[in-house]
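A.B. asks: What follows is data26.cif; its format and atoms are mmCIF, C-alpha atoms.
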```cif
data_data
loop_
_atom_site.label_atom_id
_atom_site.label_comp_id
_atom_site.auth_asym_id
_atom_site.auth_seq_id
_atom_site.Cartn_x
_atom_site.Cartn_y
_atom_site.Cartn_z
CA TYR A 1 0.00 0.00 0.00
CA GLN A 2 2.77 2.45 0.84
CA ARG A 3 4.43 1.97 -2.56
CA ARG A 4 1.12 2.57 -4.31
CA VAL A 5 0.69 5.87 -2.47
CA HIS A 6 4.24 6.96 -3.33
CA GLY A 7 3.78 5.91 -6.97
CA THR A 8 0.53 7.85 -7.24
CA ALA A 9 2.06 10.94 -5.60
CA LEU A 10 5.12 10.74 -7.85
CA CYS A 11 2.97 10.45 -10.97
CA ALA A 12 0.85 13.41 -9.89
CA GLU A 13 3.97 15.53 -9.32
CA MET A 14 5.55 14.49 -12.63
CA THR A 15 2.30 15.32 -14.43
CA LYS A 16 2.22 18.75 -12.78
CA ILE A 17 5.84 19.51 -13.64
CA SER A 18 5.87 18.23 -17.23
CA GLY A 19 2.31 18.74 -18.40
CA LYS A 20 2.32 15.10 -19.57
CA THR A 21 0.10 12.49 -17.96
CA TYR A 22 1.91 9.90 -15.86
CA THR A 23 0.05 6.77 -14.74
CA PRO A 24 1.19 4.40 -11.99
CA TYR A 25 0.82 0.66 -12.58
CA LEU A 26 0.56 -1.74 -9.68
CA ILE A 27 1.65 -5.11 -11.05
CA GLU A 28 2.57 -8.52 -9.81
CA SER A 29 6.08 -9.07 -11.12
CA VAL A 30 8.09 -12.26 -11.17
CA ASP A 31 11.43 -13.40 -12.48
CA PRO A 32 10.33 -16.16 -14.89
CA LYS A 33 13.56 -18.14 -14.39
CA SER A 34 13.50 -18.25 -10.59
CA GLY A 35 9.80 -17.73 -9.95
CA LYS A 36 10.70 -15.12 -7.32
CA PRO A 37 9.94 -11.39 -7.31
CA PRO A 38 12.61 -9.48 -9.26
CA PHE A 39 15.13 -7.28 -7.50
CA HIS A 40 13.61 -4.22 -9.18
CA THR A 41 10.96 -3.76 -11.86
CA THR A 42 13.15 -1.33 -13.83
CA CYS A 43 14.89 -4.48 -14.98
CA PHE A 44 11.80 -5.42 -17.01
CA PHE A 45 10.76 -1.97 -18.28
CA GLY A 46 12.63 0.84 -19.98
CA ILE A 47 10.47 3.81 -20.93
CA LEU A 48 12.29 6.13 -23.31
CA THR A 49 11.10 9.18 -25.26
CA LYS A 50 9.45 7.33 -28.14
CA LEU A 51 9.56 3.70 -27.19
CA VAL A 52 9.14 1.25 -24.36
CA LEU A 53 11.56 -1.64 -24.04
CA VAL A 54 9.90 -4.44 -22.12
CA ASP A 55 10.34 -8.07 -21.18
CA TRP A 56 6.69 -9.03 -20.64
CA SER A 57 7.71 -12.27 -18.92
CA GLY A 58 8.31 -10.17 -15.81
CA VAL A 59 4.62 -9.27 -15.54
CA ALA A 60 2.97 -12.29 -13.94
CA GLN A 61 -0.67 -11.62 -14.89
CA GLN A 62 -1.73 -11.66 -18.55
CA LYS A 63 -4.55 -9.19 -17.81
CA GLN A 64 -1.99 -6.70 -16.46
CA ARG A 65 0.19 -7.19 -19.56
CA ASP A 66 -2.79 -6.53 -21.83
CA GLU A 67 -3.82 -3.38 -19.94
CA MET A 68 -0.31 -1.96 -20.00
CA LYS A 69 0.17 -2.80 -23.69
CA ALA A 70 -3.08 -1.02 -24.54
CA ASP A 71 -2.18 2.07 -22.52
CA LEU A 72 1.47 2.31 -23.55
CA SER A 73 0.83 1.68 -27.25
CA GLN A 74 -1.19 4.91 -27.43
CA ASN A 75 1.99 7.00 -26.99
CA PHE A 76 4.94 4.69 -27.53
CA ASP A 77 6.30 2.09 -29.89
CA ILE A 78 6.59 -1.07 -27.78
CA VAL A 79 9.70 -3.14 -28.40
CA GLU A 80 9.51 -6.53 -26.73
CA VAL A 81 12.87 -7.80 -25.56
CA ASN A 82 13.74 -11.25 -24.33
CA TYR A 83 15.00 -12.25 -20.90
CA GLU A 84 18.65 -12.34 -21.98
CA GLU A 85 18.48 -8.87 -23.58
CA MET A 86 16.84 -7.53 -20.43
CA TRP A 87 19.57 -8.99 -18.21
CA ALA A 88 22.22 -7.56 -20.54
CA GLY A 89 20.85 -4.12 -19.59
CA LEU A 90 18.75 -3.18 -22.61
CA THR A 91 15.85 -1.93 -20.49
CA LEU A 92 18.24 0.40 -18.65
CA GLY A 93 19.27 2.49 -21.66
CA MET A 94 18.83 6.27 -21.51
CA ASP A 95 17.97 8.65 -24.31
CA PHE A 96 18.56 12.36 -24.82
CA THR A 97 17.56 14.96 -27.36
CA LEU A 98 20.44 16.12 -29.55
CA PRO A 99 20.84 19.75 -30.69
CA SER A 100 19.53 18.61 -34.09
CA GLY A 101 16.27 17.53 -32.44
CA GLY A 102 16.99 13.83 -33.01
CA LEU A 103 17.41 11.34 -30.22
CA CYS A 104 20.58 9.75 -28.89
CA LEU A 105 20.56 6.45 -26.98
CA LEU A 106 23.23 5.64 -24.41
CA MET A 107 23.81 1.95 -23.82
CA GLY A 108 26.58 -0.37 -22.79
CA LYS A 109 28.76 -2.07 -25.38
CA LEU A 110 27.87 -5.52 -24.01
CA THR A 111 24.21 -4.55 -24.06
CA ARG A 112 24.40 -3.67 -27.74
CA GLU A 113 26.22 -6.89 -28.52
CA ALA A 114 23.52 -8.89 -26.70
CA MET A 115 20.67 -7.51 -28.84
CA ARG A 116 19.14 -9.87 -31.37
CA PRO A 117 19.16 -8.41 -34.92
CA GLU A 118 15.37 -8.01 -34.94
CA THR A 119 15.46 -6.11 -31.63
CA ALA A 120 18.33 -3.91 -32.83
CA ALA A 121 16.40 -2.96 -35.98
CA LYS A 122 13.33 -1.93 -33.94
CA VAL A 123 15.41 0.10 -31.49
CA GLU A 124 17.82 1.74 -33.95
CA LYS A 125 15.07 3.26 -36.13
CA HIS A 126 14.19 5.65 -33.28
CA PHE A 127 17.65 7.14 -32.83
CA GLU A 128 19.84 9.49 -34.82
CA LYS A 129 22.80 8.24 -32.82
CA ILE A 130 23.57 5.37 -30.45
CA VAL A 131 26.54 5.81 -28.16
CA GLU A 132 28.10 2.83 -26.43
CA VAL A 133 29.38 3.75 -22.98
CA ASP A 134 31.14 1.83 -20.25
CA LEU A 135 29.36 0.93 -17.01
CA ALA A 136 31.05 3.69 -14.99
CA THR A 137 29.83 6.36 -17.44
CA ASN A 138 26.35 4.86 -17.52
CA MET A 139 26.15 4.96 -13.71
CA GLU A 140 27.48 8.53 -13.61
CA VAL A 141 24.85 9.71 -16.09
CA GLY A 142 21.99 7.37 -15.26
CA GLY A 143 22.38 6.90 -11.55
CA SER A 144 21.24 3.99 -9.48
CA ALA A 145 19.06 2.31 -12.13
CA ILE A 146 22.17 0.54 -13.38
CA GLU A 147 22.97 -0.62 -9.85
CA CYS A 148 19.54 -2.27 -9.71
CA LEU A 149 20.59 -4.54 -12.53
CA ILE A 150 24.08 -5.41 -11.36
CA GLN A 151 23.41 -6.02 -7.66
CA PRO A 152 21.82 -9.46 -8.07
CA VAL A 153 24.69 -10.74 -10.22
CA ALA A 154 26.69 -13.42 -8.41
CA LEU A 155 30.43 -12.71 -8.45
#
```
Once you've parsed the file, please lay out its structure as structure tokens.
C.D. replies:
Amino acid sequence: YQRRVHGTALCAEMTKISGKTYTPYLIESVDPKSGKPPFHTTCFFGILTKLVLVDWSGVAQQKQRDEMKADLSQNFDIVEVNYEEMWAGLTLGMDFTLPSGGLCLLMGKLTREAMRPETAAKVEKHFEKIVEVDLATNMEVGGSAIECLIQPVAL
């Protein structure tokens, strides 16, 4: 319940600041390989300027998947990624607007190498430029979202 309240308050504040409508989603998420809740749902979803990168296997309930697909497809191109692409960090990419008005995507080199050709084609069409960065740069620019992905990795 507490997370729902915070999510709703955050969405209301983001809507007020940006003028865009933000909607919280309360979902049951699961790691399909372990059957346990994931460390963090940002692993399964990456919402960028024009597209959403998502591994739907992380959303346990089909009804919730369908509702989110219907809502998100109104404003975004949805690119479905597989479990391996998600764990390689694809859903943690960040995009920025270039001076030309086009978009630039920052992603890790290993992330780009992990993309299947069909995923790469769907992602690349949205960006004027894709810049491969190392993990340290990604964490400096993107913050703790990257840490959410690397913390559960066994060393």
A.B. asks: Report, in Å with one decimal, the straight-line distance from atom CA of A:Glu84 to atom CA of A:Leu48.
C.D. replies: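 That distance, rounded to one decimal, is 19.6 Å.
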A.B. asks: Using atom CA of A:Ala114 and atom CA of A:Trp56 as the two end points, give the distance in Å to one decimal.
C.D. replies: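 That distance, rounded to one decimal, is 17.9 Å.
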A.B. asks: Mind pulling up the distance from atom CA of A:Met86 to atom CA of A:Ile47?
C.D. replies: 13.0 Å
A.B. asks: Residues at most 9 Å from A:Cys11, counting all atoms listed in the file, excluding those fewer than 3 positions away in the same chain, as a list in words?
C.D. replies: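 Here the qualifying residues turn out to be His6, Gly7, Thr8, Met14, Thr15, Lys16, Thr21, Tyr22, Thr23 and Pro24 of chain A.
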A.B. asks: Would you please work out which residue, of A:Leu53, A:Ala12, A:Leu90, A:Val59, is nearest to A:Glu28 when using only C-alpha atoms?
C.D. replies: A:Val59
A.B. asks: Counting all atoms listed in the file, which residue out of A:Glu13, A:Lys69, A:Lys50, A:Ala60 sits closest to A:Lys36?
C.D. replies: A:Ala60
A.B. asks: From the options A:Val79, A:Gly93, A:Asp55, A:Ser29, which residue's atoms come nearest to A:Ala121, counting only C-alpha atoms?
C.D. replies: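 Selected residue with least distance to A:Ala121: A:Val79.
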A.B. asks: Find the nearest atom pair between each residue of stretch 20-98 of chain A and stretch 105-109 of chain A for residues within 7 Å, count all atoms listed in the file, give distances in Å to one decimal, sort rows by chain and ascending number, and present the table as a tab-separated table.
C.D. replies:
```
residue	atom	partner	partner_atom	distance
A:Gly93	CA	A:Met107	CA	5.1
A:Met94	CA	A:Leu106	CA	5.3
A:Asp95	CA	A:Leu105	CA	4.3
A:Phe96	CA	A:Leu105	CA	6.6
```
A.B. asks: Can you work out which one of A:His126, A:Gly58, A:Ala9, A:Gln64 has the shortest atom-to-atom distance to A:Thr97, counting only C-alpha atoms?
C.D. replies: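 For A:Thr97, the nearest of the given residues is A:His126.
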A.B. asks: For this structure, which residues satisfy the selection - the PyMOL selection byres ((chain A and resi 123) around 10) - when it is evaluated on the file as given? I want them as a PyMOL selection string.
C.D. replies: chain A and resi 50-53+77-79+105+115+117-122+124-127+130
A.B. asks: Which residue gives the smallest distance to A:Tyr83 among A:Lys129, A:Arg112, A:Arg65, A:Lys33, with all atoms listed in the file counted?
C.D. replies: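 Looking at the shortest contact to A:Tyr83, the residue is A:Lys33.
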A.B. asks: Just the residues within 8 Å of A:Ser57, please, counting all atoms listed in the file, with nothing from its chain fewer than 6 positions along; format it as a PyMOL selection string.
C.D. replies: chain A and resi 30-32+83
